[in-house]
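**Q** Here you go, model15.txt (compact mmCIF, C-alpha atoms):
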```
# COMPACT_ATOMS: atom_id res chain seq x y z
CA MET A 228 62.48 69.54 -43.17
CA SER A 229 65.64 67.57 -43.79
CA GLU A 230 65.89 63.98 -42.56
CA THR A 231 69.12 64.96 -40.83
CA ASP A 232 67.58 67.83 -38.90
CA LYS A 233 66.74 67.69 -35.21
CA HIS A 234 63.58 69.37 -34.00
CA LEU A 235 62.06 70.56 -30.75
CA ILE A 236 58.38 70.91 -29.90
CA ALA A 237 57.26 72.49 -26.62
CA HIS A 238 53.66 72.22 -25.43
CA VAL A 239 52.78 75.30 -23.35
CA GLY A 240 49.70 77.35 -22.59
CA GLN A 241 47.12 78.84 -20.30
CA GLY A 242 46.07 76.88 -17.23
CA LYS A 243 43.04 74.57 -17.34
CA THR A 244 43.42 73.66 -21.00
CA GLY A 245 43.44 69.88 -20.60
CA THR A 246 47.16 69.73 -19.92
CA SER A 247 47.09 66.80 -17.48
CA ALA A 248 45.08 64.74 -19.98
CA ILE A 249 47.61 65.50 -22.71
CA GLN A 250 50.46 64.52 -20.40
CA THR A 251 48.73 61.25 -19.51
CA ALA A 252 48.33 60.44 -23.21
CA LEU A 253 51.99 61.30 -23.84
CA ALA A 254 53.26 59.27 -20.88
CA LEU A 255 51.22 56.26 -22.01
CA GLY A 256 52.33 56.77 -25.61
CA VAL A 257 56.11 57.06 -25.17
CA GLU A 258 56.80 53.95 -27.28
CA ALA A 259 54.21 54.85 -29.93
CA LEU A 260 55.68 58.34 -30.20
CA LYS A 261 59.16 56.86 -30.62
CA THR A 262 58.00 54.86 -33.65
CA HIS A 263 56.96 58.17 -35.20
CA GLY A 264 60.32 59.80 -34.52
CA ILE A 265 59.20 61.73 -31.43
CA VAL A 266 61.18 61.49 -28.19
CA TYR A 267 59.24 62.33 -25.02
CA PRO A 268 61.97 62.57 -22.33
CA ASP A 269 61.58 60.59 -19.14
CA ASN A 270 60.75 62.40 -15.92
CA ARG A 271 59.72 61.32 -12.42
CA SER A 272 56.22 62.74 -13.03
CA LEU A 273 55.53 60.25 -15.84
CA ASP A 274 54.37 57.52 -13.43
CA GLN A 275 51.76 59.93 -12.04
CA ALA A 276 50.66 60.79 -15.56
CA ARG A 277 50.45 57.14 -16.64
CA ALA A 278 48.11 56.50 -13.71
CA GLY A 279 45.83 59.27 -14.96
CA ARG A 280 46.71 61.54 -12.04
CA ILE A 281 47.39 65.27 -11.99
CA SER A 282 50.87 65.94 -13.36
CA SER A 283 53.04 68.86 -14.43
CA GLY A 284 54.79 67.45 -17.48
CA ASN A 285 58.31 66.28 -18.20
CA VAL A 286 60.17 69.58 -17.85
CA ASN A 287 60.00 72.87 -15.96
CA GLY A 288 61.47 76.33 -16.29
CA VAL A 289 64.65 75.42 -14.43
CA SER A 290 65.30 72.19 -16.33
CA PHE A 291 64.07 73.30 -19.78
CA PHE A 292 67.40 74.18 -21.40
CA GLU A 293 69.41 71.31 -19.91
CA THR A 294 66.74 68.69 -20.68
CA CYS A 295 66.15 69.89 -24.23
CA SER A 296 69.81 70.38 -25.17
CA THR A 297 70.77 66.96 -23.73
CA GLU A 298 67.94 65.18 -25.53
CA LEU A 299 68.62 66.98 -28.82
CA GLU A 300 72.26 65.98 -28.62
CA ALA A 301 71.32 62.33 -27.99
CA CYS A 302 68.45 61.93 -30.45
CA ASP A 303 68.90 60.53 -33.96
CA PRO A 304 68.88 62.74 -37.06
CA GLY A 305 65.33 63.46 -38.16
CA GLU A 306 63.87 62.97 -34.69
CA THR A 307 61.84 65.46 -32.67
CA VAL A 308 62.20 66.09 -28.95
CA LEU A 309 58.85 66.87 -27.28
CA VAL A 310 58.46 68.55 -23.89
CA SER A 311 55.30 69.59 -22.06
CA ASN A 312 54.58 72.04 -19.26
CA GLU A 313 51.82 74.64 -19.55
CA SER A 314 53.60 77.09 -17.24
CA LEU A 315 56.56 77.47 -19.61
CA HIS A 316 54.79 80.35 -21.34
CA ARG A 317 54.95 82.36 -18.09
CA VAL A 318 58.59 81.35 -17.62
CA PHE A 319 59.50 82.50 -21.13
CA PHE A 320 57.41 85.64 -20.74
CA GLU A 321 59.48 86.64 -17.71
CA ASP A 322 62.81 85.47 -19.15
CA VAL A 323 62.98 84.36 -22.77
CA SER A 324 66.69 83.50 -22.63
CA PRO A 325 66.21 79.69 -22.15
CA LEU A 326 64.11 79.62 -25.33
CA LYS A 327 66.62 81.75 -27.22
CA ARG A 328 69.52 79.57 -26.08
CA ILE A 329 67.90 76.36 -27.26
CA LEU A 330 67.51 77.73 -30.78
CA ALA A 331 71.20 77.01 -31.37
CA HIS A 332 70.69 73.32 -30.57
CA ALA A 333 67.71 72.58 -32.83
CA ASP A 334 67.15 72.99 -36.55
CA SER A 335 63.55 73.98 -35.86
CA VAL A 336 61.55 74.91 -32.77
CA LYS A 337 57.77 74.80 -32.54
CA LEU A 338 55.49 75.84 -29.69
CA ILE A 339 52.00 74.38 -29.38
CA TYR A 340 50.21 77.07 -27.40
CA TYR A 341 46.88 76.21 -25.76
CA ILE A 342 44.19 78.76 -24.93
CA ARG A 343 40.56 78.43 -23.79
CA ASP A 344 37.37 80.49 -23.96
CA PRO A 345 37.64 83.01 -21.08
CA LEU A 346 34.50 82.11 -19.10
CA SER A 347 35.04 78.34 -19.06
CA GLN A 348 38.73 78.92 -18.37
CA ALA A 349 37.94 81.27 -15.46
CA LEU A 350 35.38 78.88 -13.95
CA SER A 351 37.81 75.98 -14.14
CA ALA A 352 40.61 78.14 -12.73
CA TYR A 353 38.31 79.16 -9.88
CA GLY A 354 37.85 75.52 -8.92
CA GLN A 355 41.61 75.04 -9.10
CA SER A 356 42.17 78.04 -6.81
CA VAL A 357 39.89 76.42 -4.23
CA LYS A 358 41.14 72.87 -4.46
CA ARG A 359 44.87 73.57 -4.65
CA GLY A 360 45.31 77.19 -3.62
CA GLY A 361 43.16 77.38 -0.51
CA SER A 362 41.03 80.20 -1.96
CA MET A 363 38.02 81.30 0.07
CA ALA A 364 36.57 83.55 -2.67
CA SER A 365 33.10 83.03 -4.09
CA VAL A 366 32.81 82.32 -7.79
CA SER A 367 31.40 85.84 -8.34
CA GLU A 368 34.34 87.43 -6.52
CA TYR A 369 36.73 85.39 -8.63
CA LEU A 370 35.05 86.29 -11.94
CA LEU A 371 35.17 89.98 -11.06
CA SER A 372 38.84 89.91 -10.09
CA ASP A 373 41.57 91.12 -12.46
CA ILE A 374 41.40 88.29 -15.00
CA ASN A 375 42.62 89.12 -18.50
CA LEU A 376 44.53 87.83 -21.50
CA LYS A 377 47.38 90.31 -21.22
CA ILE A 378 50.13 87.72 -20.75
CA SER A 379 48.86 85.59 -23.64
CA ILE A 380 48.81 88.58 -25.97
CA GLU A 381 52.26 89.83 -24.96
CA PHE A 382 53.70 86.32 -25.07
CA LEU A 383 52.55 85.85 -28.66
CA GLU A 384 53.96 89.27 -29.55
CA LEU A 385 57.28 88.21 -28.00
CA LEU A 386 57.32 85.03 -30.12
CA ASP A 387 56.79 87.07 -33.29
CA ALA A 388 60.36 88.34 -32.90
CA LEU A 389 61.84 84.82 -32.67
CA PRO A 390 62.47 82.20 -35.40
CA VAL A 391 59.97 79.75 -33.92
CA GLN A 392 56.81 78.22 -35.30
CA VAL A 393 53.68 78.69 -33.18
CA GLU A 394 50.47 76.68 -33.43
CA ILE A 395 47.50 78.03 -31.45
CA VAL A 396 44.94 75.52 -30.18
CA ASN A 397 41.72 76.60 -28.44
CA TYR A 398 40.79 73.79 -26.05
CA SER A 399 37.15 74.93 -26.15
CA ARG A 400 36.92 74.24 -29.89
CA HIS A 401 38.21 70.67 -29.57
CA GLU A 402 37.09 69.44 -26.15
CA ASP A 403 35.26 66.46 -27.66
CA ARG A 404 38.44 65.29 -29.47
CA HIS A 405 41.05 66.88 -27.27
CA ILE A 406 43.81 64.26 -27.51
CA ALA A 407 43.35 63.72 -31.24
CA ARG A 408 43.70 67.47 -31.81
CA PHE A 409 46.99 67.51 -29.91
CA GLY A 410 48.19 64.56 -31.98
CA GLN A 411 47.27 66.53 -35.10
CA ALA A 412 49.56 69.36 -33.93
CA LEU A 413 52.35 66.74 -33.79
CA GLY A 414 51.54 65.53 -37.30
CA LEU A 415 50.09 62.23 -36.03
CA ALA A 416 46.99 60.25 -36.95
CA ASP A 417 44.06 60.48 -34.54
CA ASP A 418 44.61 57.03 -33.05
CA VAL A 419 48.29 57.30 -32.07
CA LEU A 420 47.65 58.96 -28.70
CA SER A 421 44.83 57.97 -26.36
CA LEU A 422 43.62 57.95 -22.76
CA PRO A 423 42.41 54.96 -20.73
CA GLU A 424 38.85 54.15 -21.75
CA GLY A 425 36.37 56.61 -20.25
CA ARG A 426 38.82 58.17 -17.80
CA ARG A 427 38.83 61.92 -17.11
CA VAL A 428 42.03 63.50 -15.85
CA ASN A 429 42.03 66.34 -13.30
CA ARG A 430 38.27 66.81 -13.25
CA SER A 431 36.63 69.84 -11.68
CA LEU A 432 35.04 69.58 -8.23
CA THR A 433 31.33 69.33 -7.59
CA ARG A 434 29.59 72.16 -5.73
CA SER A 435 29.54 70.07 -2.53
CA GLU A 436 33.24 69.21 -2.84
CA LEU A 437 34.11 72.88 -3.39
CA TYR A 438 32.22 73.88 -0.26
CA PHE A 439 33.82 71.12 1.84
CA GLN A 440 37.31 72.06 0.64
CA GLN A 441 36.74 75.74 1.47
CA GLN A 442 35.57 74.84 4.96
CA LEU A 443 38.69 72.75 5.53
CA SER A 444 40.88 75.58 4.28
CA SER A 445 39.11 78.11 6.52
CA HIS A 446 40.07 76.14 9.64
CA ALA A 447 43.65 75.33 8.61
CA LYS A 448 46.69 77.34 9.61
CA ASN A 449 48.08 76.58 6.16
CA PRO A 450 45.15 76.28 3.72
CA LYS A 451 47.26 74.56 1.04
CA ALA A 452 48.14 71.84 3.55
CA ALA A 453 44.41 71.12 3.96
CA ASN A 454 44.05 70.00 0.34
CA ILE A 455 41.95 66.86 -0.01
CA SER A 456 40.74 67.65 -3.53
CA ASP A 457 43.53 65.88 -5.41
CA ALA A 458 42.46 62.60 -3.80
CA LEU A 459 38.86 63.12 -4.93
CA CYS A 460 39.92 63.98 -8.49
CA ASN A 461 42.48 61.18 -8.79
CA GLU A 462 40.42 58.41 -7.18
CA LEU A 463 36.98 59.41 -8.50
CA PRO A 464 37.74 60.85 -11.94
CA ASP A 465 34.34 60.22 -13.52
CA ILE A 466 32.08 62.23 -11.21
CA PRO A 467 30.52 65.03 -13.29
CA SER A 468 31.33 68.53 -12.13
CA GLU A 469 28.92 71.43 -11.66
CA ILE A 470 29.12 75.14 -12.46
CA PRO A 471 28.64 77.22 -9.28
CA TYR A 472 25.83 79.75 -9.49
CA PHE A 473 26.58 83.34 -10.45
CA SER A 474 24.17 86.07 -11.45
CA ALA A 475 23.44 87.64 -14.83
CA GLU A 476 24.94 90.89 -13.46
CA THR A 477 28.23 89.12 -12.67
CA HIS A 478 28.21 87.57 -16.13
CA ARG A 479 27.62 90.95 -17.79
CA ALA A 480 30.48 92.57 -15.88
CA PHE A 481 32.80 89.68 -16.76
CA ILE A 482 31.96 89.87 -20.47
CA GLU A 483 32.46 93.63 -20.58
CA ALA A 484 35.88 93.29 -18.95
CA GLN A 485 36.96 90.48 -21.25
CA LEU A 486 35.68 91.76 -24.60
CA PRO A 487 38.61 94.11 -25.47
CA TRP A 488 41.17 91.40 -24.63
CA VAL A 489 39.28 88.77 -26.61
CA GLU A 490 39.03 91.02 -29.66
CA LYS A 491 42.76 91.77 -29.50
CA LEU A 492 43.79 88.13 -29.16
CA ASN A 493 41.37 86.99 -31.87
CA SER A 494 43.01 89.42 -34.28
CA MET A 495 46.31 87.56 -33.74
CA ILE A 496 45.19 83.92 -34.10
CA PRO A 497 43.48 81.72 -36.73
CA ALA A 498 39.72 82.21 -37.01
CA GLU A 499 39.05 78.51 -36.36
CA GLU A 500 40.70 78.82 -32.92
CA ALA A 501 39.04 82.13 -31.99
CA LEU A 502 37.83 82.76 -28.43
CA ALA A 503 34.09 83.10 -27.76
CA LEU A 504 32.05 84.76 -25.00
CA PRO A 505 28.72 82.98 -24.36
CA GLN A 506 25.37 84.59 -23.59
CA TYR A 507 24.05 84.14 -20.04
CA ASP A 508 20.90 82.42 -21.31
CA ASP A 509 23.07 79.75 -22.93
CA ILE A 510 24.79 78.79 -19.69
CA ALA A 511 22.06 79.47 -17.10
CA PRO A 512 20.48 75.98 -17.45
CA ASN A 513 23.81 74.41 -16.46
CA LEU A 514 24.37 76.49 -13.31
CA ALA A 515 23.91 75.04 -9.84
CA PRO A 516 20.76 76.27 -8.02
CA LYS A 517 21.10 79.76 -6.54
CA ASP A 518 19.89 79.01 -3.01
CA GLU A 519 20.59 75.28 -2.75
CA THR A 520 21.89 74.58 0.77
CA VAL A 521 21.79 70.77 0.75
CA LEU A 522 25.13 69.10 0.04
CA GLU A 523 25.28 65.72 -1.67
CA PHE A 524 28.06 63.13 -1.35
CA SER A 525 28.07 59.59 -2.66
CA THR A 526 29.34 56.74 -0.52
CA ALA A 527 32.46 56.65 -2.74
CA GLN A 528 33.14 60.34 -2.09
CA ILE A 529 32.68 59.89 1.68
CA ASP A 530 35.06 56.91 1.60
CA VAL A 531 37.78 58.96 -0.13
CA LEU A 532 37.23 61.92 2.20
CA ALA A 533 37.39 59.78 5.34
CA ARG A 534 40.48 57.87 4.19
CA THR A 535 42.32 61.02 3.10
CA LEU A 536 41.51 62.91 6.31
CA MET A 537 42.65 59.99 8.47
CA GLN A 538 45.92 59.83 6.53
CA ARG A 539 46.47 63.50 7.34
CA ILE A 540 45.94 62.89 11.08
CA PRO A 541 49.08 61.43 12.67
CA SER A 542 48.76 58.06 14.33
CA GLN A 543 48.50 58.19 18.13
CA ILE A 544 51.70 56.20 18.36
CA LEU A 545 53.52 59.20 16.94
CA ASN A 546 52.87 61.10 20.18
CA LYS A 547 55.24 58.69 21.95
CA ASP A 548 57.78 59.02 19.13
CA VAL A 549 57.66 62.81 19.23
CA ARG A 550 58.19 62.87 23.01
CA GLU A 551 61.06 60.39 22.73
CA LEU A 552 62.74 62.37 19.98
CA ALA A 553 62.23 65.70 21.73
CA SER A 554 63.69 64.34 24.98
CA ARG A 555 66.88 63.30 23.18
CA ILE A 556 67.48 66.36 21.02
CA ARG A 557 69.66 68.90 22.75
CA PRO A 558 71.83 71.71 21.35
CA ASP A 559 74.83 69.34 21.27
CA HIS A 560 72.90 66.28 20.11
CA GLN A 561 73.72 64.85 16.67
CA LEU A 562 70.74 63.15 15.03
CA THR A 563 71.20 59.40 14.70
CA GLU A 564 69.86 57.06 12.04
CA THR A 565 67.18 55.96 14.50
CA ASP A 566 66.13 59.60 14.87
CA ALA A 567 65.93 59.84 11.09
CA VAL A 568 63.63 56.80 10.93
CA ILE A 569 61.27 58.45 13.45
CA LEU A 570 61.24 61.69 11.44
CA LEU A 571 60.55 59.78 8.22
CA ASP A 572 57.70 57.96 10.00
CA MET A 573 56.23 61.32 10.92
CA ALA A 574 56.62 62.61 7.37
CA ALA A 575 54.93 59.50 5.97
CA ALA A 576 51.97 60.00 8.31
CA PHE A 577 51.45 63.59 7.15
CA LEU A 578 52.09 62.88 3.45
CA PRO A 579 49.87 60.00 2.33
CA ASN A 580 51.22 59.95 -1.25
CA ALA A 581 54.89 60.23 -0.29
CA GLU A 582 56.02 56.82 -1.52
CA GLY A 583 59.59 58.09 -1.81
CA VAL A 584 59.60 58.96 1.90
CA ARG A 585 58.37 55.48 2.78
CA ARG A 586 60.96 53.80 0.59
CA LYS A 587 63.75 55.86 2.14
CA ARG A 588 62.48 55.02 5.66
CA ASP A 589 62.28 51.30 4.85
CA ARG A 590 65.79 51.25 3.37
CA LEU A 591 67.15 52.96 6.47
CA ARG A 592 65.31 50.50 8.74
CA GLU A 593 66.80 47.58 6.78
CA LYS A 594 70.25 49.10 7.05
CA ILE A 595 69.95 49.47 10.84
CA ALA A 596 68.42 46.00 11.22
CA GLY A 597 71.16 44.42 9.12
CA ARG A 598 73.89 46.04 11.17
CA THR A 599 72.20 45.05 14.45
CA LYS A 600 71.70 41.47 13.25
CA GLY A 601 75.39 41.06 12.49
CA LYS A 602 76.52 42.43 15.84
CA ALA A 603 77.52 39.93 18.53
CA PRO A 604 75.39 40.08 21.68
CA ALA A 605 76.99 41.92 24.59
CA ARG A 606 78.41 39.72 27.40
CA ASN A 607 77.66 40.30 31.04
CA LYS A 608 80.73 41.27 32.99
```
Once you've parsed the file, please lay out its structure as structure tokens.

**A**
Amino acid sequence: MSETDKHLIAHVGQGKTGTSAIQTALALGVEALKTHGIVYPDNRSLDQARAGRISSGNVNGVSFFETCSTELEACDPGETVLVSNESLHRVFFEDVSPLKRILAHADSVKLIYYIRDPLSQALSAYGQSVKRGGSMASVSEYLLSDINLKISIEFLELLDALPVQVEIVNYSRHEDRHIARFGQALGLADDVLSLPEGRRVNRSLTRSELYFQQQLSSHAKNPKAANISDALCNELPDIPSEIPYFSAETHRAFIEAQLPWVEKLNSMIPAEEALALPQYDDIAPNLAPKDETVLEFSTAQIDVLARTLMQRIPSQILNKDVRELASRIRPDHQLTETDAVILLDMAAAFLPNAEGVRRKRDRLREKIAGRTKGKAPARNK
């Protein structure tokens, strides 16, 4: 590579491949990366990532071309622009034009593509479907659904026709040194990127947490709106997860369905990153009990659950606000700034993490208060 060249690296991949942890390490390492000639563009999600919370990276399918082209134009010769979002591989699979267009703006383009052993990936994805998707399926139903590696295989075949470098990383082969392995793909020493000491990012739920989340979802008109799992994962990151029980018959059916896809993908990738399918006897000791009906929650878990649920329940004072607002809104009524403050109050009550909503409400309150303060009191006639 020439010292005058400009380069682009995009981190993409299957879901549940340690992406949030990588993005936390990148967000915390922006300055360290810069000293190594790597620019990690700013994004509003970086504060979430720096806090060790679930994040989606510094780019998405809509912003990919604009972000990358702007940063490549602004970066110094010899520097590399780095973007991260695991879902980009699905975006490019459906429409590869953003990736093709960016080729004209960079002297080299590299994709770091993450995969994971199918069973551990499916089990982790199952937990994600419960905690963020409102899924009511059992783990056995999920494992026997139409899960395959078709998109991964066809995506890699698509990349073969493009002048891009691709590095495959199997998360399952490097779980014990996950961040260091990503740094290696960037050409960095093991100690350049790191996570806060002992902190896990986007952990899986325990069996009890999974059950509680499914019960909430079952009683909600909008199951996704009943999500309390992010709070548990973000506030209690170090609780060990459990593998829900599934039978040897379910395991056998899953392996039989996955084997042809695994063999195909393994023929396309380096042997050291090959996918593996474990024997049932190897995982059985780690499964939750088959007929265990007792749920266990620590005091810390109960505290997070109670606080999160109460934040989702509107304050009683909002009943008065809703009635007041409803009484004033008519077909010819134009919403006032005071109306807007009430609506923002309502939004803040339903969205406990919506700091932007609260800031907007507070600014509007200050604006109204400042105008009222400067107004002369009315005189009695």

**Q** Under the rule that only C-alpha atoms are counted, which of A:Lys358, A:Lys448, A:Arg434, A:Arg277 is the nearest residue to Phe524 of chain A?

**A**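 Distance minimum relative to Phe524 of chain A lands on A:Arg434.
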
**Q** At what distance in Å, to one decimal, does atom CA of Ser356 of chain A lie from atom CA of Ile374 of chain A?

**A**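 Interatomic distance here is 13.1 Å.
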
**Q** Nearest to Leu532 of chain A among A:Ser365, A:Gln441, A:Ser456, A:Ser296, with distances taken over all atoms listed in the file: which residue is it?

**A**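 Closest residue, counting all atoms listed in the file: A:Ser456.
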
**Q** Find the residues around Ser283 of chain A up to 9 Å (all atoms listed in the file counted), leave out those fewer than 3 positions away in its own chain, and share them as a list in words.

**A**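 So the residues in contact are Thr246, Ser247, Gln250, Ser272, Ala276, Val286, Asn287, Ser311, Asn312, Glu313 and Ser314 of chain A.
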
**Q** Go through A:Ile236, A:Val366, A:Ile395, A:Leu330 and flag the residue nearest Glu499 of chain A, using all atoms listed in the file for the distances.

**A**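 Selected residue with least distance to Glu499 of chain A: A:Ile395.
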
**Q** Please indicate the distance in Å from atom CA of Gln485 of chain A to atom CA of Ile378 of chain A, rounded to one decimal place.

**A**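 Separation between atom CA of Gln485 of chain A and atom CA of Ile378 of chain A: 13.5 Å.
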
**Q** My list of candidates is A:Glu368, A:Asp322, A:Asp457, A:Asp232. Which is closest to Tyr353 of chain A when distances are computed with only C-alpha atoms?

**A**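 Counting only C-alpha atoms, the residue closest to Tyr353 of chain A is A:Glu368.
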
**Q** Of the candidates A:Lys261, A:Arg598, A:Arg317, A:Arg280, which one gets nearest to Gly240 of chain A if we count only C-alpha atoms?

**A**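 Using only C-alpha atoms, Gly240 of chain A sits closest to A:Arg317.
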
**Q** Set the distance at 10 Å and use all atoms listed in the file: which residues neighbour Tyr438 of chain A once local chain neighbours fewer than 5 positions away are removed? I'd like the list as a ChimeraX atom specification.

**A** /A:357-358,363,365,432-433,443-444,522

**Q** Quick one: of A:Glu593, A:Asp566, A:Glu500, A:Glu424, who's nearest to Gly279 of chain A, counting all atoms listed in the file?

**A**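 Answer, going by the shortest atom-to-atom distance: A:Glu424.
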
**Q** Atom CA of Lys377 of chain A to atom CA of Trp488 of chain A: how many Å, to one decimal?

**A**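 So the two atoms, atom CA of Lys377 of chain A and atom CA of Trp488 of chain A, lie 7.2 Å apart.
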
**Q** Around (36.5, 93.9, -26.1), as given in the file, which residues come within 12 Å? Count only C-alpha atoms and list them as a ChimeraX atom specification.

**A** /A:375-376,480-494,502-504

**Q** Residues within 12 Å of segment 464-466 of chain A, please, as an MDAnalysis selection string. Count all atoms listed in the file; anything in the same chain fewer than 3 positions from it doesn't count.

**A** chainID A and resid 248 278:281 423:436 456:461 469 524:525 527:528 531

**Q** I need the chosen residues saved as a short mmCIF file (atom, residue, chain, number, x, y, z; two decimals), in the coordinates of the input, with C-alpha atoms.

**A**
```
data_model
loop_
_atom_site.label_atom_id
_atom_site.label_comp_id
_atom_site.auth_asym_id
_atom_site.auth_seq_id
_atom_site.Cartn_x
_atom_site.Cartn_y
_atom_site.Cartn_z
CA ALA A 248 45.08 64.74 -19.98
CA ALA A 278 48.11 56.50 -13.71
CA GLY A 279 45.83 59.27 -14.96
CA ARG A 280 46.71 61.54 -12.04
CA ILE A 281 47.39 65.27 -11.99
CA PRO A 423 42.41 54.96 -20.73
CA GLU A 424 38.85 54.15 -21.75
CA GLY A 425 36.37 56.61 -20.25
CA ARG A 426 38.82 58.17 -17.80
CA ARG A 427 38.83 61.92 -17.11
CA VAL A 428 42.03 63.50 -15.85
CA ASN A 429 42.03 66.34 -13.30
CA ARG A 430 38.27 66.81 -13.25
CA SER A 431 36.63 69.84 -11.68
CA LEU A 432 35.04 69.58 -8.23
CA THR A 433 31.33 69.33 -7.59
CA ARG A 434 29.59 72.16 -5.73
CA SER A 435 29.54 70.07 -2.53
CA GLU A 436 33.24 69.21 -2.84
CA SER A 456 40.74 67.65 -3.53
CA ASP A 457 43.53 65.88 -5.41
CA ALA A 458 42.46 62.60 -3.80
CA LEU A 459 38.86 63.12 -4.93
CA CYS A 460 39.92 63.98 -8.49
CA ASN A 461 42.48 61.18 -8.79
CA GLU A 469 28.92 71.43 -11.66
CA PHE A 524 28.06 63.13 -1.35
CA SER A 525 28.07 59.59 -2.66
CA ALA A 527 32.46 56.65 -2.74
CA GLN A 528 33.14 60.34 -2.09
CA VAL A 531 37.78 58.96 -0.13
#
```

**Q** Do a neighbour search on Val393 of chain A at 8 Å with only C-alpha atoms, toss out local chain neighbours closer than 4 positions, and write the hits as a PyMOL selection string.

**A** chain A and resi 337-340+386

**Q** Please identify all polymer residues within 12 Å of Leu299 of chain A, counting only C-alpha atoms, omitting same-chain residues fewer than 3 positions from it, and present them as a count of residues only.

**A** 32

**Q** Box in all listed atoms of segment 480-491 of chain A, axis-aligned, with 6 Å more on each side; write out centre and edge lengths in Å to one decimal as lines of an AutoDock Vina configuration file.

**A**
```
center_x = 36.6
center_y = 91.4
center_z = -22.8
size_x = 24.3
size_y = 17.3
size_z = 25.8
```
